[in-house]
Amino acid sequence: MNSREKFLANMSFQPGAESLKWEFGYWAGTLRRWYQEGLEHEFELPDSLGHGESVRGEGMGQKPGGYIEKDIHKLFGMEEGFLRVPINNYLSPEYSVELLEDHGDWVLKKDKWGIIVRESKSKDTPNSFIKGPLQSRADWEKIKERLQPDLIKRLPGNWNDIVQAYKNRQSPLILGGSQGFYGSPRYLLGDEKILTTFYDDPELILDINNHLCNLWIDLYDQILQQTSVDLGLIWEDMSYKNGPLISPAMFKKFLLPFYKKLTGLFRDHNVKIIWVDTDGNFWKLIPLFLEGGVTGFYPFEAAANMNVADVREAYPTLQMMGGIDKMKLAKGKQEIDLELEQKVKPIIAKGGFIPSVDHLIPSDISWGSFIYYRRKLNDMIDRIG
């Protein structure tokens, strides 16, 4: 079976369906450490890729502008990962990148999404968010002009060739991602301002999400008239270690109606698998996500108490990817064995689960530890299959 067939069978909980050998991704600094420790590299990382920038694994999928890891994929015989429809589903046109201040080791700049960020020149750490582009109602009216369903401007020039290639695809295809009904307003307003705006100007949040929902429904409907897809994806990152950043009541008022509309569009086009990419502890929101039409999640961060074995017990038909504690990989073979025995072994045979590390793999994990973990996990997947 190819990876698309395996994915669809596994996510349908078909008896005996194999899982997939995938990883979510890596920090570039991690791969450079592993090259020094013995990972043979046939495929060079670009020098321009900072240690604190991501290298996409199979579970993140191919995306324009993102670098896909190839050496580990080849060494461990991983299956082909997600494909992503190369659509710009956010600002069009994007803002011109602008250098605002130079402070030696770091700069203040406006990025392509109009966000003012602090960026390390070495790119060893992720950018720090300073201020979003939406500071007033007048700003929002101008931003709306960049959020119009002008599909032709949002696709690559060879789109027709890509559609033809999708007809014979061997890997599962994603539509969406990168944006969501909390994630996108957060990009516009910032981490603090979005939370105060829920109280200070709730109509603005509703207007933003209504506009975004209509935009994505229009764009995705046009795409789905041209090609089928295997997974609809929404990105949020709306939780932290101890729980969600908004209450279930706020989710129900400000997000749920729009989830229902967007997932309804996917289902109308026979897209049966709809996932949310969100970090942190989102236990309290799972029932509302399900009510909104979501069927699965990733990456299930262990440090945020998102234990996939516990989630499977509570929600037997929930689709999952991730869940393996990245920090346990740094603690040696005994901890790795325990992690796989307690989390993966009890649920992998039940289907609907792709085990992988619960986010980008950090550089404090040695190459030897990763080899041990990945071989053990591959062996477990092979035995179940």
# chains A, B, ... in the order shown; residues from 1 in each chain; ligands from 1
$ residues_around --residues "Asp207 of chain A" --least-positions-apart "4" --cutoff "12 Å" --atoms "only C-alpha atoms" --output "PyMOL selection string"
chain A and resi 137+140-141+144+181+185+198+201-203+211-214+254-255+258
$ select_by_dssp --residues "segment 82-235 of chain A" --states "alpha helix (DSSP H)" --output "ChimeraX atom specification"
/A:137-144,159-166,183-189,191-200,202-224
$ residues_around --residues "segment 239-249 of chain A" --least-positions-apart "6" --cutoff "6 Å" --atoms "only C-alpha atoms" --output "VMD selection string"
chain A and resid 280 to 282 304
$ closest_atom_pairs --of "segment 227-284 of chain A" --to "segment 166-175 of chain A" --cutoff "9 Å" --atoms "only C-alpha atoms" --output "Markdown table"
| residue | atom | partner | partner_atom | distance |
| --- | --- | --- | --- | --- |
| A:Thr227 | CA | A:Tyr166 | CA | 7.3 |
| A:Ser228 | CA | A:Tyr166 | CA | 8.2 |
| A:Val229 | CA | A:Leu173 | CA | 5.2 |
| A:Asp230 | CA | A:Leu173 | CA | 5.2 |
| A:Leu231 | CA | A:Ile174 | CA | 4.8 |
| A:Gly232 | CA | A:Leu175 | CA | 5.1 |
| A:Leu233 | CA | A:Leu175 | CA | 6.2 |
| A:Ile234 | CA | A:Leu175 | CA | 9.0 |
$ residues_around --residues "Lys109 of chain A" --least-positions-apart "4" --cutoff "12 Å" --atoms "only C-alpha atoms" --output "compact mmCIF listing (two decimals) with C-alpha atoms, in the first residue's frame"
# COMPACT_ATOMS: atom_id res chain seq x y z
CA TYR A 95 3.11 43.06 3.11
CA SER A 96 6.55 44.12 1.92
CA VAL A 97 9.18 42.95 4.40
CA GLU A 98 10.68 46.05 5.98
CA LEU A 99 13.72 46.56 8.23
CA LEU A 100 12.75 49.00 10.98
CA GLU A 101 15.73 48.98 13.37
CA ASP A 102 19.16 47.32 13.48
CA HIS A 103 20.51 46.47 16.94
CA TRP A 113 2.07 39.37 7.45
CA GLY A 114 2.51 42.92 8.71
CA ILE A 115 3.71 41.73 12.13
CA ILE A 116 6.51 43.64 13.79
CA VAL A 117 8.98 41.05 15.07
CA ARG A 118 12.33 40.90 16.78
CA GLU A 119 14.59 38.61 14.73
CA SER A 120 17.98 37.23 15.69
CA LYS A 121 20.45 37.71 12.84
CA ASN A 127 11.19 35.45 16.10
CA SER A 128 9.59 37.34 18.99
CA PHE A 129 6.19 38.89 18.27
CA ILE A 130 6.13 42.64 19.07
CA LYS A 131 2.94 44.02 17.49
CA GLY A 132 0.29 42.89 15.03
$ atom_distance --atom1 "atom CA of Pro355 of chain A" --atom2 "atom CA of Leu285 of chain A"
22.0 Å
$ closest_residue --among "A:Val271, A:Gln148, A:Leu290, A:Gly323" --to "Lys252 of chain A" --atoms "only C-alpha atoms"
A:Leu290
$ closest_residue --among "A:Pro86, A:Gly190, A:Gly38, A:Pro126" --to "Arg154 of chain A" --atoms "only C-alpha atoms"
A:Pro86
$ closest_residue --among "A:Gln222, A:Ser122, A:Gln36, A:Gln135" --to "His269 of chain A" --atoms "only C-alpha atoms"
A:Gln222
